[in-house]
Amino acid sequence: MSNIKTRRLVDVLNNDHGAMAVMTAIFLVVLLTMAAAAIDVGHALVARNELQNAADAAALAGARTLGIAYEGMTPAEMATYTLTGGDQAAVVAAAQATSVLNKAAAVDVSVNAADVSIGLWDSATHTFTATTAQPRAVNVVTHRDGSANGPISTFLAGIIGMSTVNVSAVATAELTAIGSTPPGALDFPIMISELFFSQFGCGDSIMLYPSNGTPQSCTGFTTFDVSPSNDNAMRNIINGMINGTYQAPPTTAGVTQLQATNGTLSRQTWTAMVNLFNLRSAGTGYWDALVPVYEGNDCSPSGAMTIKGYANMRITGINGQPGATITGNVSCPLFQAGGVGGGPAFGVFTTVPGLVR
């Protein structure tokens with residue numbers, strides 16, 4: 001009897017049909033596993049993209065709310081602003097209200113308050129740092145996991161013990177430096193070299209005139225788009241700014257070239273400049289002027305100079321001839337309502353955010 005059982009076992013092992021059945025079963029398991037991976041990984045990737053859309057929208061909404069807060073401040077308040085509890089709550093609420101309008105894997109995407117952070121974005125290192133001191137960026141994390149909205153259920157991966165998948169996404173929106181100016185925004189006919197910002201910045205004093213060739217006084221006069229750039233053109237522009245008949249042209253950082261001059265101005269032109277300062281500084285003793293920053297390290301600019309970005313100068317004094325001087329300091333951060341961002345940061349930012357991550 002034992003010999004008969006042994007022969008039957010050998011027959012089964014030697015049977016091609018039996019071996020094929022075993023191989024088919026193994027192949028089906030592998031095929032189902034691959035199908036589960038393909039379907040469920042694809043489903044998770046789609047949900048991840050939907051979470052990203054929700055995070056992007058929430059970050060933009062939060063940063064725009066922060067921008068609106070800045071729009072209601074004076075330049076002095078902007079320069080000393082510390083995030084208030086009320087403003088923080090408004091930013092978080094805007095992010096949450098916008099996120100929940102989106103779905104990820106058919107579930108409304110809610111955002112935890114703890115997943116909305118306000119602070120600063122470092123474009124050089126691509127890092128976000130939470131801070132309450134003059135914040136300009138909002139960071140939002142969206143989840144489909146145990147912390148928010150629940151994990152994503154799988155279709156077939158349960159056969160290999162994976163019944164759910166956790167997915168998350170992160171986005172950062174920032175009030176970036178202004179990258180262009182509308183007509184009339186540049187309201188003082190002077191430009192600053194980017195060399196100044198290689199050693200100085202917010203709060204530092206600057207000698208706009210006379211220049212001694214050092215970074216702290218590396219500036220020049222500009223007649224904007226009027227050529228040739230000379231004393232007569234400068235005086236006509238200043239008088240036009242006083243009586244409202246002239247406004248500077250629109251500009252775009254990295255594109256627009258403005259005419260520069262470093263020649264000596266006449267007494268009449270200096271008198272006009274003093275009159276402009278007196279008009280703009282009436283009641284305060286200073287004048288916050290938006291000025292272009294030009295490319296290069298030339299402290300005696302002449303001819304067409306490409307605009308690199310924009311800075312805010314708090315002009316504290318202009319004295320005419322003899323012994324003409326223009327003194328002030330770089331006042332920032334300053335936030336301009338609306339506008340287009342994306343320019344190099346010289347201290348002036350738009351209140352309309354853009355995604356940086």
# chains A, B, ... in the order shown; residues from 1 in each chain; ligands from 1
call {"tool": "residues_around", "arguments": {"residues": "Ala79 in chain A", "least_positions_apart": "4", "cutoff": "12 Å", "atoms": "only C-alpha atoms", "output": "PyMOL selection string"}}
result
chain A and resi 70+73-75+83+133-135+202-203+312+314+330-335+347-348
call {"tool": "write_last_selection", "arguments": {"atoms": "N, CA and C atoms", "output": "compact mmCIF listing (two decimals), in the first residue's frame"}}
result
# COMPACT_ATOMS: atom_id res chain seq x y z
N TYR A 70 -1.54 94.54 5.88
CA TYR A 70 -0.49 95.54 5.65
C TYR A 70 -1.04 96.77 4.91
N MET A 73 -1.93 99.77 7.01
CA MET A 73 -0.92 100.36 7.89
C MET A 73 -0.20 101.52 7.22
N THR A 74 0.36 102.38 8.07
CA THR A 74 1.27 103.41 7.59
C THR A 74 2.65 102.79 7.40
N PRO A 75 3.55 103.42 6.64
CA PRO A 75 4.91 102.88 6.51
C PRO A 75 5.60 102.66 7.85
N LEU A 83 3.02 90.43 14.30
CA LEU A 83 1.76 89.75 14.03
C LEU A 83 0.87 89.73 15.26
N ALA A 133 7.53 88.72 13.45
CA ALA A 133 8.14 90.01 13.10
C ALA A 133 8.07 90.24 11.60
N GLN A 134 7.25 91.19 11.19
CA GLN A 134 7.05 91.54 9.77
C GLN A 134 6.93 90.30 8.87
N PRO A 135 6.02 89.39 9.18
CA PRO A 135 5.89 88.18 8.36
C PRO A 135 5.40 88.52 6.96
N CYS A 202 17.77 97.71 5.33
CA CYS A 202 16.70 98.37 6.08
C CYS A 202 17.24 99.16 7.27
N GLY A 203 16.80 100.41 7.34
CA GLY A 203 17.17 101.26 8.46
C GLY A 203 18.49 101.98 8.31
N ASN A 312 12.41 101.76 -0.94
CA ASN A 312 11.73 102.91 -0.38
C ASN A 312 12.74 103.76 0.37
N ARG A 314 13.27 106.99 2.74
CA ARG A 314 12.69 108.03 3.59
C ARG A 314 13.63 109.22 3.52
N VAL A 330 17.08 103.95 4.13
CA VAL A 330 16.26 102.93 3.51
C VAL A 330 15.22 102.50 4.53
N SER A 331 13.95 102.70 4.21
CA SER A 331 12.87 102.39 5.13
C SER A 331 12.12 101.16 4.62
N CYS A 332 12.13 100.09 5.39
CA CYS A 332 11.46 98.87 4.97
C CYS A 332 11.22 97.96 6.18
N PRO A 333 10.33 96.99 6.04
CA PRO A 333 9.63 96.66 4.80
C PRO A 333 8.49 97.63 4.51
N LEU A 334 8.21 97.80 3.24
CA LEU A 334 7.10 98.61 2.79
C LEU A 334 6.25 97.75 1.87
N PHE A 335 4.93 97.83 2.02
CA PHE A 335 4.04 97.00 1.21
C PHE A 335 3.17 97.89 0.34
N GLY A 347 13.32 95.53 -0.20
CA GLY A 347 12.55 96.07 0.92
C GLY A 347 11.15 96.52 0.60
N VAL A 348 10.72 96.48 -0.67
CA VAL A 348 9.37 96.89 -1.03
C VAL A 348 8.64 95.69 -1.61
call {"tool": "closest_atom_pairs", "arguments": {"of": "range 71-172 of chain A", "to": "range 49-65 of chain A", "cutoff": "10 Å", "atoms": "only C-alpha atoms", "output": "Markdown table"}}
result
| residue | atom | partner | partner_atom | distance |
| --- | --- | --- | --- | --- |
| A:Glu71 | CA | A:Thr65 | CA | 9.9 |
| A:Asp87 | CA | A:Thr65 | CA | 8.2 |
| A:Gln88 | CA | A:Gly62 | CA | 9.2 |
| A:Ala89 | CA | A:Gly62 | CA | 10.0 |
| A:Ala90 | CA | A:Thr65 | CA | 7.0 |
| A:Val91 | CA | A:Gly62 | CA | 4.6 |
| A:Val92 | CA | A:Gly62 | CA | 6.4 |
| A:Ala93 | CA | A:Gly62 | CA | 7.8 |
| A:Ala94 | CA | A:Gly62 | CA | 5.3 |
| A:Ala95 | CA | A:Ala58 | CA | 4.1 |
| A:Gln96 | CA | A:Ala58 | CA | 6.6 |
| A:Ala97 | CA | A:Ala58 | CA | 7.8 |
| A:Thr98 | CA | A:Ala58 | CA | 5.3 |
| A:Ser99 | CA | A:Ala54 | CA | 5.0 |
| A:Val100 | CA | A:Ala54 | CA | 7.7 |
| A:Leu101 | CA | A:Ala54 | CA | 7.9 |
| A:Asn102 | CA | A:Ala54 | CA | 5.6 |
| A:Lys103 | CA | A:Glu50 | CA | 6.5 |
| A:Ala104 | CA | A:Glu50 | CA | 5.0 |
| A:Ala105 | CA | A:Glu50 | CA | 7.7 |
| A:Ala106 | CA | A:Glu50 | CA | 9.6 |
| A:Asp108 | CA | A:Ala54 | CA | 9.5 |
| A:Val109 | CA | A:Ala54 | CA | 7.0 |
| A:Ser110 | CA | A:Ala54 | CA | 9.1 |
| A:Val111 | CA | A:Ala58 | CA | 8.8 |
| A:Val116 | CA | A:Ala59 | CA | 8.1 |
| A:Ser117 | CA | A:Ala59 | CA | 9.3 |
| A:Ile118 | CA | A:Ala63 | CA | 8.4 |
| A:Pro135 | CA | A:Ala63 | CA | 9.6 |
| A:Arg136 | CA | A:Ala63 | CA | 7.4 |
| A:Ala137 | CA | A:Ala63 | CA | 6.1 |
| A:Val138 | CA | A:Ala63 | CA | 5.4 |
| A:Asn139 | CA | A:Ala59 | CA | 5.9 |
| A:Val140 | CA | A:Ala59 | CA | 5.6 |
| A:Val141 | CA | A:Ala55 | CA | 6.2 |
| A:Thr142 | CA | A:Ala55 | CA | 5.7 |
| A:His143 | CA | A:Leu51 | CA | 7.1 |
| A:Arg144 | CA | A:Leu51 | CA | 8.0 |
| A:Val167 | CA | A:Leu51 | CA | 8.2 |
| A:Ser168 | CA | A:Leu51 | CA | 6.7 |
| A:Ala169 | CA | A:Gln52 | CA | 5.2 |
| A:Val170 | CA | A:Ala55 | CA | 6.0 |
| A:Ala171 | CA | A:Asp56 | CA | 5.3 |
| A:Thr172 | CA | A:Ala59 | CA | 5.8 |
call {"tool": "write_last_selection", "arguments": {"atoms": "N, CA and C atoms", "output": "short mmCIF file (atom, residue, chain, number, x, y, z; two decimals), in the first residue's frame"}}
result
data_model
loop_
_atom_site.label_atom_id
_atom_site.label_comp_id
_atom_site.auth_asym_id
_atom_site.auth_seq_id
_atom_site.Cartn_x
_atom_site.Cartn_y
_atom_site.Cartn_z
N GLU A 71 -2.01 96.56 4.05
CA GLU A 71 -2.56 97.69 3.29
C GLU A 71 -3.19 98.74 4.21
N ASP A 87 -4.90 89.25 13.57
CA ASP A 87 -4.46 89.04 12.19
C ASP A 87 -4.12 87.57 11.95
N GLN A 88 -3.53 86.93 12.94
CA GLN A 88 -3.22 85.51 12.80
C GLN A 88 -4.49 84.69 12.64
N ALA A 89 -5.50 85.00 13.44
CA ALA A 89 -6.77 84.28 13.35
C ALA A 89 -7.42 84.49 11.99
N ALA A 90 -7.31 85.70 11.45
CA ALA A 90 -7.90 85.99 10.14
C ALA A 90 -7.18 85.21 9.03
N VAL A 91 -5.86 85.12 9.13
CA VAL A 91 -5.09 84.36 8.13
C VAL A 91 -5.46 82.89 8.17
N VAL A 92 -5.52 82.33 9.37
CA VAL A 92 -5.86 80.91 9.52
C VAL A 92 -7.27 80.65 9.01
N ALA A 93 -8.20 81.53 9.35
CA ALA A 93 -9.59 81.35 8.91
C ALA A 93 -9.70 81.39 7.40
N ALA A 94 -8.96 82.30 6.75
CA ALA A 94 -9.00 82.40 5.29
C ALA A 94 -8.44 81.14 4.64
N ALA A 95 -7.34 80.63 5.20
CA ALA A 95 -6.75 79.40 4.67
C ALA A 95 -7.71 78.22 4.82
N GLN A 96 -8.34 78.11 5.98
CA GLN A 96 -9.25 77.00 6.23
C GLN A 96 -10.50 77.09 5.35
N ALA A 97 -11.04 78.30 5.21
CA ALA A 97 -12.25 78.47 4.40
C ALA A 97 -12.00 78.15 2.93
N THR A 98 -10.80 78.44 2.45
CA THR A 98 -10.48 78.17 1.06
C THR A 98 -10.15 76.70 0.83
N SER A 99 -9.43 76.10 1.75
CA SER A 99 -9.05 74.71 1.59
C SER A 99 -10.27 73.79 1.50
N VAL A 100 -11.26 74.04 2.34
CA VAL A 100 -12.41 73.15 2.42
C VAL A 100 -13.27 73.21 1.16
N LEU A 101 -13.01 74.16 0.28
CA LEU A 101 -13.71 74.22 -1.00
C LEU A 101 -13.16 73.20 -1.99
N ASN A 102 -12.07 72.55 -1.62
CA ASN A 102 -11.42 71.56 -2.48
C ASN A 102 -11.65 70.15 -1.92
N LYS A 103 -11.53 69.16 -2.81
CA LYS A 103 -11.68 67.77 -2.41
C LYS A 103 -10.43 66.99 -2.75
N ALA A 104 -10.16 65.97 -1.94
CA ALA A 104 -9.09 65.02 -2.22
C ALA A 104 -9.66 63.63 -2.02
N ALA A 105 -9.71 62.85 -3.09
CA ALA A 105 -10.33 61.51 -3.05
C ALA A 105 -11.75 61.62 -2.52
N ALA A 106 -12.50 62.59 -3.05
CA ALA A 106 -13.94 62.76 -2.78
C ALA A 106 -14.25 63.24 -1.36
N ASP A 108 -13.93 66.55 1.36
CA ASP A 108 -13.59 67.96 1.53
C ASP A 108 -12.32 68.08 2.37
N VAL A 109 -11.39 68.93 1.91
CA VAL A 109 -10.09 69.05 2.57
C VAL A 109 -10.16 70.13 3.66
N SER A 110 -10.25 69.70 4.89
CA SER A 110 -10.18 70.64 6.01
C SER A 110 -8.73 70.75 6.46
N VAL A 111 -8.38 71.91 7.02
CA VAL A 111 -7.01 72.17 7.47
C VAL A 111 -7.01 72.47 8.95
N VAL A 116 -1.32 75.72 9.66
CA VAL A 116 -1.18 77.02 9.00
C VAL A 116 -0.13 77.82 9.77
N SER A 117 0.99 78.11 9.13
CA SER A 117 2.09 78.84 9.78
C SER A 117 2.33 80.15 9.05
N ILE A 118 2.71 81.17 9.80
CA ILE A 118 2.96 82.50 9.25
C ILE A 118 4.39 82.89 9.57
N PRO A 135 6.02 89.39 9.18
CA PRO A 135 5.89 88.18 8.36
C PRO A 135 5.40 88.52 6.96
N ARG A 136 5.83 87.70 5.99
CA ARG A 136 5.41 87.93 4.60
C ARG A 136 4.94 86.65 3.92
N ALA A 137 4.97 85.53 4.61
CA ALA A 137 4.64 84.26 3.97
C ALA A 137 3.72 83.43 4.84
N VAL A 138 2.93 82.58 4.16
CA VAL A 138 2.03 81.66 4.85
C VAL A 138 2.29 80.26 4.31
N ASN A 139 2.49 79.32 5.24
CA ASN A 139 2.77 77.93 4.89
C ASN A 139 1.59 77.06 5.34
N VAL A 140 1.10 76.21 4.44
CA VAL A 140 -0.06 75.37 4.73
C VAL A 140 0.25 73.92 4.40
N VAL A 141 -0.11 73.01 5.31
CA VAL A 141 0.03 71.57 5.07
C VAL A 141 -1.37 70.96 5.05
N THR A 142 -1.68 70.20 4.02
CA THR A 142 -2.95 69.50 3.93
C THR A 142 -2.72 68.00 4.08
N HIS A 143 -3.70 67.31 4.66
CA HIS A 143 -3.54 65.89 4.97
C HIS A 143 -4.74 65.07 4.53
N ARG A 144 -4.45 63.81 4.17
CA ARG A 144 -5.43 62.73 4.20
C ARG A 144 -4.76 61.63 5.00
N VAL A 167 -1.50 60.44 2.89
CA VAL A 167 -0.98 61.37 1.89
C VAL A 167 -1.04 62.79 2.47
N SER A 168 -0.05 63.62 2.12
CA SER A 168 -0.05 65.02 2.55
C SER A 168 0.61 65.89 1.48
N ALA A 169 0.41 67.21 1.59
CA ALA A 169 1.02 68.16 0.65
C ALA A 169 1.29 69.46 1.39
N VAL A 170 2.26 70.23 0.90
CA VAL A 170 2.62 71.50 1.54
C VAL A 170 2.76 72.58 0.49
N ALA A 171 2.36 73.80 0.83
CA ALA A 171 2.50 74.94 -0.07
C ALA A 171 2.85 76.18 0.74
N THR A 172 3.63 77.07 0.12
CA THR A 172 3.99 78.35 0.74
C THR A 172 3.70 79.47 -0.25
#
call {"tool": "residues_around", "arguments": {"residues": "Val255 in chain A", "least_positions_apart": "3", "cutoff": "8 Å", "atoms": "only C-alpha atoms", "output": "PyMOL selection string"}}
result
chain A and resi 251-252+306-307
call {"tool": "select_by_dssp", "arguments": {"residues": "range 60-120 of chain A", "states": "strand (DSSP E)", "output": "PyMOL selection string"}}
result
chain A and resi 103-104+107-108+116-120
call {"tool": "select_by_dssp", "arguments": {"residues": "range 125-296 of chain A", "states": "helix (DSSP H, G or I)", "output": "ChimeraX atom specification"}}
result
/A:157-160,196-199,215-217,231-243,267-280
call {"tool": "write_last_selection", "arguments": {"atoms": "N, CA and C atoms", "output": "mmCIF file, in the first residue's frame"}}
result
data_model
loop_
_atom_site.group_PDB
_atom_site.id
_atom_site.type_symbol
_atom_site.label_atom_id
_atom_site.label_comp_id
_atom_site.auth_asym_id
_atom_site.auth_seq_id
_atom_site.Cartn_x
_atom_site.Cartn_y
_atom_site.Cartn_z
ATOM 1 N N ALA A 157 -5.110 46.800 -2.500
ATOM 2 C CA ALA A 157 -3.899 46.569 -1.710
ATOM 3 C C ALA A 157 -4.176 45.873 -0.391
ATOM 4 N N GLY A 158 -5.455 45.726 -0.028
ATOM 5 C CA GLY A 158 -5.783 45.017 1.187
ATOM 6 C C GLY A 158 -5.339 43.572 1.170
ATOM 7 N N ILE A 159 -5.186 42.999 -0.053
ATOM 8 C CA ILE A 159 -4.759 41.602 -0.143
ATOM 9 C C ILE A 159 -3.317 41.425 0.314
ATOM 10 N N ILE A 160 -2.575 42.526 0.363
ATOM 11 C CA ILE A 160 -1.204 42.442 0.870
ATOM 12 C C ILE A 160 -1.085 43.178 2.210
ATOM 13 N N PHE A 196 24.780 99.473 -3.078
ATOM 14 C CA PHE A 196 24.407 99.895 -1.727
ATOM 15 C C PHE A 196 23.910 98.714 -0.912
ATOM 16 N N PHE A 197 23.097 97.858 -1.545
ATOM 17 C CA PHE A 197 22.451 96.767 -0.826
ATOM 18 C C PHE A 197 23.387 95.576 -0.608
ATOM 19 N N SER A 198 24.600 95.665 -1.148
ATOM 20 C CA SER A 198 25.566 94.615 -0.869
ATOM 21 C C SER A 198 26.137 94.753 0.539
ATOM 22 N N GLN A 199 26.038 95.964 1.111
ATOM 23 C CA GLN A 199 26.581 96.202 2.456
ATOM 24 C C GLN A 199 25.579 96.826 3.418
ATOM 25 N N PRO A 215 29.838 102.677 -1.301
ATOM 26 C CA PRO A 215 28.516 102.059 -1.432
ATOM 27 C C PRO A 215 27.402 102.843 -0.756
ATOM 28 N N GLN A 216 27.710 103.531 0.353
ATOM 29 C CA GLN A 216 26.668 104.232 1.088
ATOM 30 C C GLN A 216 26.180 105.488 0.370
ATOM 31 N N SER A 217 26.865 105.898 -0.673
ATOM 32 C CA SER A 217 26.410 107.073 -1.433
ATOM 33 C C SER A 217 26.406 106.784 -2.928
ATOM 34 N N ASP A 231 20.293 118.705 -17.017
ATOM 35 C CA ASP A 231 19.752 119.581 -15.983
ATOM 36 C C ASP A 231 18.386 120.129 -16.370
ATOM 37 N N ASN A 232 18.202 120.539 -17.610
ATOM 38 C CA ASN A 232 16.935 121.117 -18.043
ATOM 39 C C ASN A 232 15.812 120.081 -17.971
ATOM 40 N N ALA A 233 16.110 118.858 -18.427
ATOM 41 C CA ALA A 233 15.105 117.795 -18.372
ATOM 42 C C ALA A 233 14.734 117.477 -16.927
ATOM 43 N N MET A 234 15.739 117.450 -16.065
ATOM 44 C CA MET A 234 15.493 117.178 -14.649
ATOM 45 C C MET A 234 14.575 118.242 -14.047
ATOM 46 N N ARG A 235 14.845 119.512 -14.322
ATOM 47 C CA ARG A 235 14.040 120.591 -13.746
ATOM 48 C C ARG A 235 12.601 120.532 -14.254
ATOM 49 N N ASN A 236 12.424 120.227 -15.525
ATOM 50 C CA ASN A 236 11.067 120.127 -16.079
ATOM 51 C C ASN A 236 10.282 118.994 -15.421
ATOM 52 N N ILE A 237 10.953 117.880 -15.171
ATOM 53 C CA ILE A 237 10.293 116.741 -14.520
ATOM 54 C C ILE A 237 9.892 117.094 -13.094
ATOM 55 N N ILE A 238 10.798 117.702 -12.348
ATOM 56 C CA ILE A 238 10.507 118.057 -10.956
ATOM 57 C C ILE A 238 9.353 119.051 -10.877
ATOM 58 N N ASN A 239 9.382 120.078 -11.721
ATOM 59 C CA ASN A 239 8.287 121.056 -11.722
ATOM 60 C C ASN A 239 6.977 120.396 -12.141
ATOM 61 N N GLY A 240 7.048 119.444 -13.059
ATOM 62 C CA GLY A 240 5.848 118.719 -13.461
ATOM 63 C C GLY A 240 5.290 117.867 -12.334
ATOM 64 N N MET A 241 6.166 117.292 -11.507
ATOM 65 C CA MET A 241 5.707 116.534 -10.346
ATOM 66 C C MET A 241 5.043 117.453 -9.333
ATOM 67 N N ILE A 242 5.552 118.678 -9.217
ATOM 68 C CA ILE A 242 4.987 119.633 -8.265
ATOM 69 C C ILE A 242 3.587 120.069 -8.693
ATOM 70 N N ASN A 243 3.427 120.391 -9.977
ATOM 71 C CA ASN A 243 2.131 120.908 -10.432
ATOM 72 C C ASN A 243 1.203 119.834 -10.993
ATOM 73 N N ARG A 267 21.322 125.867 -9.849
ATOM 74 C CA ARG A 267 20.662 126.360 -8.639
ATOM 75 C C ARG A 267 19.143 126.282 -8.788
ATOM 76 N N GLN A 268 18.637 126.607 -10.003
ATOM 77 C CA GLN A 268 17.192 126.571 -10.227
ATOM 78 C C GLN A 268 16.630 125.151 -10.062
ATOM 79 N N THR A 269 17.377 124.171 -10.517
ATOM 80 C CA THR A 269 16.912 122.789 -10.395
ATOM 81 C C THR A 269 16.935 122.347 -8.940
ATOM 82 N N TRP A 270 17.966 122.745 -8.217
ATOM 83 C CA TRP A 270 18.017 122.412 -6.799
ATOM 84 C C TRP A 270 16.873 123.079 -6.039
ATOM 85 N N THR A 271 16.541 124.289 -6.407
ATOM 86 C CA THR A 271 15.418 124.980 -5.767
ATOM 87 C C THR A 271 14.112 124.228 -6.016
ATOM 88 N N ALA A 272 13.947 123.751 -7.262
ATOM 89 C CA ALA A 272 12.751 122.970 -7.583
ATOM 90 C C ALA A 272 12.704 121.682 -6.758
ATOM 91 N N MET A 273 13.866 121.051 -6.553
ATOM 92 C CA MET A 273 13.916 119.816 -5.785
ATOM 93 C C MET A 273 13.565 120.075 -4.319
ATOM 94 N N VAL A 274 14.032 121.184 -3.763
ATOM 95 C CA VAL A 274 13.685 121.549 -2.390
ATOM 96 C C VAL A 274 12.183 121.792 -2.281
ATOM 97 N N ASN A 275 11.611 122.455 -3.289
ATOM 98 C CA ASN A 275 10.170 122.718 -3.286
ATOM 99 C C ASN A 275 9.377 121.410 -3.332
ATOM 100 N N LEU A 276 9.863 120.429 -4.107
ATOM 101 C CA LEU A 276 9.195 119.129 -4.181
ATOM 102 C C LEU A 276 9.250 118.426 -2.822
ATOM 103 N N PHE A 277 10.400 118.493 -2.180
ATOM 104 C CA PHE A 277 10.534 117.879 -0.855
ATOM 105 C C PHE A 277 9.596 118.549 0.151
ATOM 106 N N ASN A 278 9.529 119.866 0.123
ATOM 107 C CA ASN A 278 8.656 120.588 1.056
ATOM 108 C C ASN A 278 7.191 120.210 0.843
ATOM 109 N N LEU A 279 6.821 119.996 -0.422
ATOM 110 C CA LEU A 279 5.451 119.604 -0.728
ATOM 111 C C LEU A 279 5.146 118.205 -0.216
ATOM 112 N N ARG A 280 6.047 117.257 -0.499
ATOM 113 C CA ARG A 280 5.820 115.863 -0.137
ATOM 114 C C ARG A 280 5.971 115.619 1.370
#
call {"tool": "residues_around", "arguments": {"residues": "Asn329 in chain A", "least_positions_apart": "2", "cutoff": "6 Å", "atoms": "only C-alpha atoms", "output": "list in words"}}
result
Asp204, Ser205, Ile206, Met313 and Arg314 of chain A
call {"tool": "atom_distance", "arguments": {"atom1": "CA of Ala44 in chain A", "atom2": "CA of Thr154 in chain A"}}
result
8.6 Å
call {"tool": "decode", "arguments": {"residues": "range 324-353 of chain A", "atoms": "C-alpha atoms", "output": "short mmCIF file (atom, residue, chain, number, x, y, z; two decimals), in the first residue's frame"}}
result
data_model
loop_
_atom_site.label_atom_id
_atom_site.label_comp_id
_atom_site.auth_asym_id
_atom_site.auth_seq_id
_atom_site.Cartn_x
_atom_site.Cartn_y
_atom_site.Cartn_z
CA ALA A 324 23.52 120.92 -1.79
CA THR A 325 22.71 117.67 0.03
CA ILE A 326 20.07 114.93 0.00
CA THR A 327 19.95 112.67 3.05
CA GLY A 328 17.72 109.84 4.13
CA ASN A 329 17.59 106.16 4.94
CA VAL A 330 16.26 102.93 3.51
CA SER A 331 12.87 102.39 5.13
CA CYS A 332 11.46 98.87 4.97
CA PRO A 333 9.63 96.66 4.80
CA LEU A 334 7.10 98.61 2.79
CA PHE A 335 4.04 97.00 1.21
CA GLN A 336 2.40 98.38 -1.93
CA ALA A 337 -1.23 97.54 -2.60
CA GLY A 338 -1.69 95.35 -5.66
CA GLY A 339 1.07 95.25 -8.24
CA VAL A 340 3.12 92.41 -9.62
CA GLY A 341 5.62 90.59 -7.43
CA GLY A 342 8.62 88.43 -8.18
CA GLY A 343 11.38 91.03 -8.21
CA PRO A 344 14.63 91.06 -6.21
CA ALA A 345 14.09 91.99 -2.57
CA PHE A 346 15.20 95.53 -1.76
CA GLY A 347 12.55 96.07 0.92
CA VAL A 348 9.37 96.89 -1.03
CA PHE A 349 6.77 94.14 -1.41
CA THR A 350 3.43 93.62 -3.08
CA THR A 351 0.31 92.72 -1.10
CA VAL A 352 -0.79 90.21 -3.76
CA PRO A 353 0.93 86.89 -2.99
#
